[in-house]
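K.L.:
This one is run.tsv, TSV, N, CA, C and O atoms.
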```tsv
chain	number	residue	atom	x	y	z
A	1	PRO	N	-8.66	41.83	0.24
A	1	PRO	CA	-8.53	42.15	1.67
A	1	PRO	C	-8.05	43.58	1.89
A	1	PRO	O	-7.34	44.15	1.05
A	2	GLY	N	-8.40	44.13	3.02
A	2	GLY	CA	-8.00	45.48	3.36
A	2	GLY	C	-6.51	45.68	3.37
A	2	GLY	O	-6.01	46.76	3.03
A	3	GLU	N	-5.78	44.65	3.76
A	3	GLU	CA	-4.31	44.76	3.81
A	3	GLU	C	-3.74	44.99	2.41
A	3	GLU	O	-2.79	45.75	2.24
A	4	VAL	N	-4.33	44.34	1.41
A	4	VAL	CA	-3.86	44.50	0.04
A	4	VAL	C	-4.15	45.93	-0.44
A	4	VAL	O	-3.27	46.58	-1.02
A	5	VAL	N	-5.33	46.40	-0.17
A	5	VAL	CA	-5.69	47.77	-0.56
A	5	VAL	C	-4.77	48.77	0.12
A	5	VAL	O	-4.29	49.72	-0.50
A	6	ALA	N	-4.50	48.56	1.40
A	6	ALA	CA	-3.61	49.46	2.14
A	6	ALA	C	-2.22	49.48	1.52
A	6	ALA	O	-1.61	50.54	1.40
A	7	LEU	N	-1.70	48.32	1.13
A	7	LEU	CA	-0.38	48.27	0.49
A	7	LEU	C	-0.39	49.02	-0.84
A	7	LEU	O	0.58	49.72	-1.17
A	8	MET	N	-1.48	48.89	-1.58
A	8	MET	CA	-1.57	49.60	-2.86
A	8	MET	C	-1.61	51.11	-2.65
A	8	MET	O	-0.97	51.86	-3.39
A	9	ILE	N	-2.34	51.55	-1.64
A	9	ILE	CA	-2.48	52.99	-1.41
A	9	ILE	C	-1.26	53.56	-0.69
A	9	ILE	O	-0.65	54.52	-1.14
A	10	ASN	N	-0.93	52.97	0.44
A	10	ASN	CA	0.14	53.52	1.28
A	10	ASN	C	1.54	53.32	0.71
A	10	ASN	O	2.38	54.21	0.81
A	11	ASP	N	1.78	52.15	0.14
A	11	ASP	CA	3.12	51.85	-0.39
A	11	ASP	C	3.19	52.02	-1.90
A	11	ASP	O	4.23	51.76	-2.50
A	12	ARG	N	2.06	52.41	-2.51
A	12	ARG	CA	1.99	52.63	-3.95
A	12	ARG	C	2.44	51.42	-4.75
A	12	ARG	O	3.16	51.54	-5.75
A	13	LEU	N	2.01	50.24	-4.31
A	13	LEU	CA	2.36	49.01	-4.99
A	13	LEU	C	1.32	48.68	-6.05
A	13	LEU	O	0.15	49.04	-5.92
A	14	SER	N	1.76	47.99	-7.08
A	14	SER	CA	0.81	47.47	-8.07
A	14	SER	C	-0.03	46.40	-7.39
A	14	SER	O	0.36	45.87	-6.34
A	15	PRO	N	-1.18	46.06	-7.97
A	15	PRO	CA	-1.99	45.00	-7.36
A	15	PRO	C	-1.23	43.69	-7.19
A	15	PRO	O	-1.32	43.05	-6.14
A	16	VAL	N	-0.46	43.29	-8.19
A	16	VAL	CA	0.29	42.03	-8.07
A	16	VAL	C	1.32	42.13	-6.95
A	16	VAL	O	1.46	41.21	-6.14
A	17	ALA	N	2.05	43.22	-6.88
A	17	ALA	CA	3.05	43.38	-5.82
A	17	ALA	C	2.40	43.40	-4.44
A	17	ALA	O	2.93	42.84	-3.49
A	18	ALA	N	1.24	44.05	-4.34
A	18	ALA	CA	0.55	44.10	-3.05
A	18	ALA	C	0.08	42.71	-2.63
A	18	ALA	O	0.25	42.32	-1.47
A	19	TRP	N	-0.51	41.95	-3.54
A	19	TRP	CA	-0.92	40.59	-3.23
A	19	TRP	C	0.29	39.72	-2.89
A	19	TRP	O	0.24	38.90	-1.97
A	20	ARG	N	1.37	39.91	-3.64
A	20	ARG	CA	2.59	39.13	-3.39
A	20	ARG	C	3.11	39.39	-1.99
A	20	ARG	O	3.41	38.46	-1.24
A	21	ARG	N	3.18	40.65	-1.61
A	21	ARG	CA	3.65	41.00	-0.26
A	21	ARG	C	2.68	40.48	0.80
A	21	ARG	O	3.10	39.97	1.83
A	22	HIS	N	1.39	40.62	0.54
A	22	HIS	CA	0.36	40.12	1.47
A	22	HIS	C	0.52	38.62	1.72
A	22	HIS	O	0.33	38.15	2.84
A	23	ARG	N	0.89	37.89	0.69
A	23	ARG	CA	1.08	36.44	0.80
A	23	ARG	C	2.48	36.07	1.30
A	23	ARG	O	2.77	34.90	1.51
A	24	GLY	N	3.36	37.07	1.46
A	24	GLY	CA	4.71	36.80	1.96
A	24	GLY	C	5.59	36.11	0.94
A	24	GLY	O	6.47	35.33	1.32
A	25	LEU	N	5.39	36.42	-0.33
A	25	LEU	CA	6.15	35.79	-1.40
A	25	LEU	C	7.16	36.75	-2.01
A	25	LEU	O	6.86	37.93	-2.18
A	26	SER	N	8.29	36.23	-2.37
A	26	SER	CA	9.24	37.02	-3.16
A	26	SER	C	8.82	36.90	-4.62
A	26	SER	O	7.96	36.09	-4.98
A	27	GLN	N	9.43	37.70	-5.48
A	27	GLN	CA	9.15	37.58	-6.92
A	27	GLN	C	9.52	36.19	-7.40
A	27	GLN	O	8.80	35.60	-8.21
A	28	SER	N	10.62	35.66	-6.91
A	28	SER	CA	11.04	34.31	-7.31
A	28	SER	C	10.03	33.27	-6.87
A	28	SER	O	9.72	32.34	-7.62
A	29	ASP	N	9.54	33.40	-5.63
A	29	ASP	CA	8.53	32.47	-5.14
A	29	ASP	C	7.28	32.51	-6.01
A	29	ASP	O	6.73	31.47	-6.38
A	30	LEU	N	6.81	33.72	-6.32
A	30	LEU	CA	5.62	33.88	-7.13
A	30	LEU	C	5.84	33.29	-8.52
A	30	LEU	O	4.98	32.56	-9.03
A	31	ALA	N	6.97	33.58	-9.11
A	31	ALA	CA	7.27	33.05	-10.45
A	31	ALA	C	7.26	31.53	-10.44
A	31	ALA	O	6.66	30.90	-11.32
A	32	ARG	N	7.88	30.94	-9.46
A	32	ARG	CA	7.95	29.49	-9.35
A	32	ARG	C	6.54	28.90	-9.21
A	32	ARG	O	6.17	27.96	-9.90
A	33	ARG	N	5.74	29.48	-8.31
A	33	ARG	CA	4.37	29.00	-8.09
A	33	ARG	C	3.51	29.15	-9.34
A	33	ARG	O	2.64	28.32	-9.60
A	34	ALA	N	3.72	30.23	-10.08
A	34	ALA	CA	2.90	30.51	-11.26
A	34	ALA	C	3.42	29.83	-12.52
A	34	ALA	O	2.74	29.83	-13.54
A	35	GLY	N	4.62	29.27	-12.45
A	35	GLY	CA	5.20	28.66	-13.64
A	35	GLY	C	5.65	29.67	-14.66
A	35	GLY	O	5.63	29.42	-15.87
A	36	LEU	N	6.05	30.84	-14.20
A	36	LEU	CA	6.52	31.93	-15.05
A	36	LEU	C	7.95	32.28	-14.67
A	36	LEU	O	8.41	31.94	-13.58
A	37	SER	N	8.63	33.00	-15.53
A	37	SER	CA	10.00	33.40	-15.18
A	37	SER	C	9.96	34.58	-14.21
A	37	SER	O	9.04	35.40	-14.23
A	38	GLN	N	10.98	34.67	-13.39
A	38	GLN	CA	11.07	35.77	-12.44
A	38	GLN	C	11.26	37.08	-13.19
A	38	GLN	O	10.72	38.11	-12.79
A	39	VAL	N	11.94	37.04	-14.30
A	39	VAL	CA	12.13	38.24	-15.12
A	39	VAL	C	10.77	38.73	-15.63
A	39	VAL	O	10.47	39.92	-15.58
A	40	TRP	N	9.92	37.80	-16.09
A	40	TRP	CA	8.58	38.19	-16.55
A	40	TRP	C	7.77	38.81	-15.43
A	40	TRP	O	7.14	39.84	-15.62
A	41	VAL	N	7.81	38.19	-14.26
A	41	VAL	CA	7.07	38.74	-13.11
A	41	VAL	C	7.57	40.14	-12.80
A	41	VAL	O	6.77	41.06	-12.59
A	42	ASN	N	8.86	40.34	-12.79
A	42	ASN	CA	9.44	41.64	-12.48
A	42	ASN	C	9.03	42.69	-13.50
A	42	ASN	O	8.62	43.80	-13.13
A	43	ARG	N	9.10	42.38	-14.77
A	43	ARG	CA	8.84	43.37	-15.82
A	43	ARG	C	7.36	43.55	-16.14
A	43	ARG	O	6.92	44.65	-16.43
A	44	SER	N	6.62	42.48	-16.14
A	44	SER	CA	5.26	42.53	-16.66
A	44	SER	C	4.16	42.63	-15.62
A	44	SER	O	3.14	43.24	-15.87
A	45	ALA	N	4.35	42.05	-14.48
A	45	ALA	CA	3.27	41.99	-13.50
A	45	ALA	C	2.83	43.36	-13.04
A	45	ALA	O	1.65	43.60	-12.80
A	46	GLY	N	3.74	44.30	-12.94
A	46	GLY	CA	3.37	45.64	-12.51
A	46	GLY	C	2.53	46.39	-13.52
A	46	GLY	O	1.83	47.33	-13.17
A	47	GLU	N	2.59	45.98	-14.78
A	47	GLU	CA	1.83	46.66	-15.82
A	47	GLU	C	0.36	46.27	-15.81
A	47	GLU	O	-0.48	47.04	-16.25
A	48	GLY	N	0.04	45.08	-15.31
A	48	GLY	CA	-1.35	44.65	-15.24
A	48	GLY	C	-1.97	44.27	-16.57
A	48	GLY	O	-3.18	44.17	-16.69
A	49	THR	N	-1.13	44.03	-17.57
A	49	THR	CA	-1.64	43.60	-18.86
A	49	THR	C	-0.92	42.32	-19.27
A	49	THR	O	0.29	42.34	-19.45
A	50	TRP	N	-1.68	41.23	-19.36
A	50	TRP	CA	-1.09	39.94	-19.70
A	50	TRP	C	-2.08	39.14	-20.51
A	50	TRP	O	-3.25	39.47	-20.57
A	51	HIS	N	-1.60	38.05	-21.05
A	51	HIS	CA	-2.49	37.09	-21.67
A	51	HIS	C	-3.34	36.46	-20.57
A	51	HIS	O	-2.92	36.36	-19.42
A	52	ALA	N	-4.53	36.03	-20.92
A	52	ALA	CA	-5.45	35.45	-19.94
A	52	ALA	C	-4.81	34.28	-19.20
A	52	ALA	O	-5.00	34.12	-18.00
A	53	ARG	N	-4.03	33.47	-19.90
A	53	ARG	CA	-3.39	32.31	-19.25
A	53	ARG	C	-2.43	32.77	-18.16
A	53	ARG	O	-2.42	32.23	-17.07
A	54	ASN	N	-1.62	33.78	-18.45
A	54	ASN	CA	-0.67	34.27	-17.45
A	54	ASN	C	-1.40	34.90	-16.27
A	54	ASN	O	-0.99	34.74	-15.12
A	55	ALA	N	-2.48	35.61	-16.54
A	55	ALA	CA	-3.27	36.21	-15.46
A	55	ALA	C	-3.84	35.12	-14.56
A	55	ALA	O	-3.81	35.24	-13.33
A	56	ALA	N	-4.34	34.04	-15.17
A	56	ALA	CA	-4.88	32.94	-14.38
A	56	ALA	C	-3.79	32.26	-13.56
A	56	ALA	O	-4.03	31.88	-12.41
A	57	GLN	N	-2.61	32.14	-14.13
A	57	GLN	CA	-1.49	31.53	-13.40
A	57	GLN	C	-1.09	32.39	-12.19
A	57	GLN	O	-0.86	31.87	-11.11
A	58	LEU	N	-1.02	33.69	-12.40
A	58	LEU	CA	-0.69	34.59	-11.28
A	58	LEU	C	-1.76	34.55	-10.21
A	58	LEU	O	-1.45	34.46	-9.01
A	59	ALA	N	-3.01	34.61	-10.62
A	59	ALA	CA	-4.11	34.61	-9.67
A	59	ALA	C	-4.11	33.32	-8.84
A	59	ALA	O	-4.28	33.37	-7.62
A	60	ALA	N	-3.92	32.20	-9.50
A	60	ALA	CA	-3.89	30.93	-8.78
A	60	ALA	C	-2.72	30.89	-7.80
A	60	ALA	O	-2.87	30.44	-6.65
A	61	ALA	N	-1.56	31.37	-8.23
A	61	ALA	CA	-0.38	31.36	-7.36
A	61	ALA	C	-0.55	32.27	-6.15
A	61	ALA	O	0.01	32.01	-5.08
A	62	LEU	N	-1.33	33.33	-6.31
A	62	LEU	CA	-1.57	34.29	-5.23
A	62	LEU	C	-2.84	34.01	-4.44
A	62	LEU	O	-3.12	34.69	-3.46
A	63	ASP	N	-3.61	33.01	-4.89
A	63	ASP	CA	-4.92	32.71	-4.29
A	63	ASP	C	-5.77	33.98	-4.26
A	63	ASP	O	-6.28	34.39	-3.22
A	64	ALA	N	-5.85	34.61	-5.43
A	64	ALA	CA	-6.57	35.88	-5.57
A	64	ALA	C	-7.40	35.81	-6.85
A	64	ALA	O	-7.04	35.09	-7.79
A	65	PRO	N	-8.49	36.57	-6.92
A	65	PRO	CA	-9.25	36.60	-8.17
A	65	PRO	C	-8.49	37.38	-9.25
A	65	PRO	O	-7.78	38.34	-8.95
A	66	VAL	N	-8.66	36.96	-10.49
A	66	VAL	CA	-7.96	37.62	-11.60
A	66	VAL	C	-8.27	39.11	-11.62
A	66	VAL	O	-7.37	39.93	-11.80
A	67	TRP	N	-9.54	39.47	-11.44
A	67	TRP	CA	-9.91	40.88	-11.53
A	67	TRP	C	-9.17	41.73	-10.50
A	67	TRP	O	-8.94	42.91	-10.72
A	68	ALA	N	-8.78	41.13	-9.37
A	68	ALA	CA	-8.10	41.89	-8.32
A	68	ALA	C	-6.65	42.23	-8.68
A	68	ALA	O	-6.02	43.04	-8.02
A	69	LEU	N	-6.14	41.60	-9.73
A	69	LEU	CA	-4.76	41.83	-10.15
A	69	LEU	C	-4.69	42.89	-11.25
A	69	LEU	O	-3.61	43.32	-11.63
A	70	GLU	N	-5.83	43.29	-11.78
A	70	GLU	CA	-5.86	44.27	-12.85
A	70	GLU	C	-5.68	45.67	-12.29
A	70	GLU	O	-5.85	45.90	-11.11
A	71	GLY	N	-5.39	46.56	-13.18
A	71	GLY	CA	-5.20	47.95	-12.74
A	71	GLY	C	-3.73	48.24	-12.61
A	71	GLY	O	-2.91	47.65	-13.26
A	72	GLY	N	-3.42	49.11	-11.76
A	72	GLY	CA	-2.02	49.46	-11.57
A	72	GLY	C	-1.87	50.88	-11.15
A	72	GLY	O	-2.51	51.31	-10.20
A	73	ASP	N	-1.08	51.59	-11.90
A	73	ASP	CA	-0.70	52.95	-11.52
A	73	ASP	C	-1.89	53.76	-11.35
A	73	ASP	O	-2.57	54.42	-11.17
```
Let me see the structure of the file written as structure tokens.

P.N.:
Amino acid sequence: PGEVVALMINDRLSPVAAWRRHRGLSQSDLARRAGLSQVWVNRSAGEGTWHARNAAQLAAALDAPVWALEGGD
């Protein structure tokens, strides 16, 4: 969605952070929904490099396609 792209460009957010904000989720909320630790979400999600299983868990929790979470800086 355009809102996610705008957050990535204007607020310089990573794709995961932009989707998270778009969905109105905190890091803790996202971690809980994805079945991951909040520490992992904080440290790893911004890098955009994860195991396929973790990427699928994040995508499902954000209701977003996996490819849309890739990339970053």

K.L.:
Just to confirm, what's the straight-line distance from atom C of Ala55 of chain A to atom O of Asn10 of chain A in Å (one decimal)?

P.N.:
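These atoms are spaced 25.3 Å apart.
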
K.L.:
With only C-alpha atoms as the atoms that count, which of A:Pro1, A:Ala68, A:Ile9, A:Ala56 lies nearest to Ala34 of chain A?

P.N.:
A:Ala56

K.L.:
What is the distance, in Å and to one decimal place, between atom CA of Ala31 of chain A and atom CA of Ala6 of chain A?

P.N.:
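Separation of atom CA of Ala31 of chain A and atom CA of Ala6 of chain A: 23.4 Å.
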
K.L.:
Determine, counting only N, CA, C and O atoms, which protein, DNA and RNA residues have an atom within 8 Å of an atom of His22 of chain A; residues of the same chain fewer than 2 positions away are not included. Present the result as a ChimeraX atom specification.

P.N.:
/A:3-4,7,15-20,24-25,62

K.L.:
Any chance you could work out the axis-aligned box around segment 27-41 of chain A, listed atoms only, 8 Å on each side, giving centre and edge lengths in Å to one decimal, as AutoDock Vina command-line options?

P.N.:
```
--center_x 7.4 --center_y 34.5 --center_z -10.8 --size_x 25.5 --size_y 29.1 --size_z 27.4
```

K.L.:
Go through A:Asn54, A:Gly2, A:Leu13, A:Ser26 and flag the residue nearest Gln38 of chain A, using only C-alpha atoms for the distances.

P.N.:
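Ranked by minimum distance to Gln38 of chain A, first place goes to A:Ser26.
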
K.L.:
When you look at Leu36 of chain A with a cut-off of 8 Å (counting all atoms listed in the file), what residues show up, excluding the ones that are within fewer than 6 positions of it in the same chain? I need them as a ChimeraX atom specification.

P.N.:
/A:27-30,54,57-58

K.L.:
How would segment 9-66 of chain A of the given structure read as a file with C-alpha atoms, as a PDB file, in the first residue's frame?

P.N.:
```pdb
ATOM      1  CA  ILE A   9      10.476   6.965   2.296  1.00  0.00           C
ATOM      2  CA  ASN A  10       9.377   9.787   4.577  1.00  0.00           C
ATOM      3  CA  ASP A  11      10.160   8.218   7.950  1.00  0.00           C
ATOM      4  CA  ARG A  12      13.059   6.089   6.663  1.00  0.00           C
ATOM      5  CA  LEU A  13      11.584   2.947   8.189  1.00  0.00           C
ATOM      6  CA  SER A  14      12.554  -0.572   7.248  1.00  0.00           C
ATOM      7  CA  PRO A  15       9.862  -2.502   5.379  1.00  0.00           C
ATOM      8  CA  VAL A  16       8.959  -4.497   8.498  1.00  0.00           C
ATOM      9  CA  ALA A  17       8.736  -1.369  10.654  1.00  0.00           C
ATOM     10  CA  ALA A  18       6.625   0.394   8.025  1.00  0.00           C
ATOM     11  CA  TRP A  19       4.199  -2.538   7.761  1.00  0.00           C
ATOM     12  CA  ARG A  20       4.117  -2.811  11.556  1.00  0.00           C
ATOM     13  CA  ARG A  21       3.231   0.859  11.932  1.00  0.00           C
ATOM     14  CA  HIS A  22       0.701   0.611   9.073  1.00  0.00           C
ATOM     15  CA  ARG A  23      -1.014  -2.229  10.946  1.00  0.00           C
ATOM     16  CA  GLY A  24      -0.880  -0.322  14.255  1.00  0.00           C
ATOM     17  CA  LEU A  25       1.252  -2.932  15.983  1.00  0.00           C
ATOM     18  CA  SER A  26       3.985  -2.509  18.535  1.00  0.00           C
ATOM     19  CA  GLN A  27       7.108  -4.667  18.306  1.00  0.00           C
ATOM     20  CA  SER A  28       5.699  -6.754  21.150  1.00  0.00           C
ATOM     21  CA  ASP A  29       2.385  -7.189  19.333  1.00  0.00           C
ATOM     22  CA  LEU A  30       4.153  -8.258  16.147  1.00  0.00           C
ATOM     23  CA  ALA A  31       6.423 -10.664  18.008  1.00  0.00           C
ATOM     24  CA  ARG A  32       3.473 -12.252  19.781  1.00  0.00           C
ATOM     25  CA  ARG A  33       1.481 -12.615  16.541  1.00  0.00           C
ATOM     26  CA  ALA A  34       4.481 -14.046  14.692  1.00  0.00           C
ATOM     27  CA  GLY A  35       5.534 -16.389  17.493  1.00  0.00           C
ATOM     28  CA  LEU A  36       8.948 -14.737  17.709  1.00  0.00           C
ATOM     29  CA  SER A  37      10.713 -12.944  20.532  1.00  0.00           C
ATOM     30  CA  GLN A  38      10.433  -9.185  20.758  1.00  0.00           C
ATOM     31  CA  VAL A  39      14.211  -9.006  20.994  1.00  0.00           C
ATOM     32  CA  TRP A  40      14.497 -10.876  17.671  1.00  0.00           C
ATOM     33  CA  VAL A  41      11.990  -8.543  16.024  1.00  0.00           C
ATOM     34  CA  ASN A  42      13.880  -5.514  17.336  1.00  0.00           C
ATOM     35  CA  ARG A  43      17.331  -6.701  16.242  1.00  0.00           C
ATOM     36  CA  SER A  44      16.663  -8.732  13.130  1.00  0.00           C
ATOM     37  CA  ALA A  45      13.567  -7.460  11.384  1.00  0.00           C
ATOM     38  CA  GLY A  46      15.189  -4.218  10.307  1.00  0.00           C
ATOM     39  CA  GLU A  47      17.970  -6.115   8.554  1.00  0.00           C
ATOM     40  CA  GLY A  48      15.595  -7.900   6.181  1.00  0.00           C
ATOM     41  CA  THR A  49      17.536 -11.143   6.277  1.00  0.00           C
ATOM     42  CA  TRP A  50      15.930 -14.125   7.981  1.00  0.00           C
ATOM     43  CA  HIS A  51      15.264 -17.788   7.587  1.00  0.00           C
ATOM     44  CA  ALA A  52      12.316 -18.486   5.289  1.00  0.00           C
ATOM     45  CA  ARG A  53      10.231 -19.706   8.239  1.00  0.00           C
ATOM     46  CA  ASN A  54      10.720 -16.461  10.166  1.00  0.00           C
ATOM     47  CA  ALA A  55       9.950 -14.406   7.068  1.00  0.00           C
ATOM     48  CA  ALA A  56       6.721 -16.354   6.577  1.00  0.00           C
ATOM     49  CA  GLN A  57       5.796 -15.851  10.232  1.00  0.00           C
ATOM     50  CA  LEU A  58       6.365 -12.092   9.990  1.00  0.00           C
ATOM     51  CA  ALA A  59       4.468 -11.828   6.720  1.00  0.00           C
ATOM     52  CA  ALA A  60       1.498 -13.737   8.107  1.00  0.00           C
ATOM     53  CA  ALA A  61       1.459 -11.632  11.273  1.00  0.00           C
ATOM     54  CA  LEU A  62       1.513  -8.435   9.191  1.00  0.00           C
ATOM     55  CA  ASP A  63      -0.885  -9.723   6.513  1.00  0.00           C
ATOM     56  CA  ALA A  64       1.742  -8.778   3.946  1.00  0.00           C
ATOM     57  CA  PRO A  65       3.568 -10.677   1.202  1.00  0.00           C
ATOM     58  CA  VAL A  66       7.016 -11.961   2.136  1.00  0.00           C
TER      59      VAL A  66
END
```
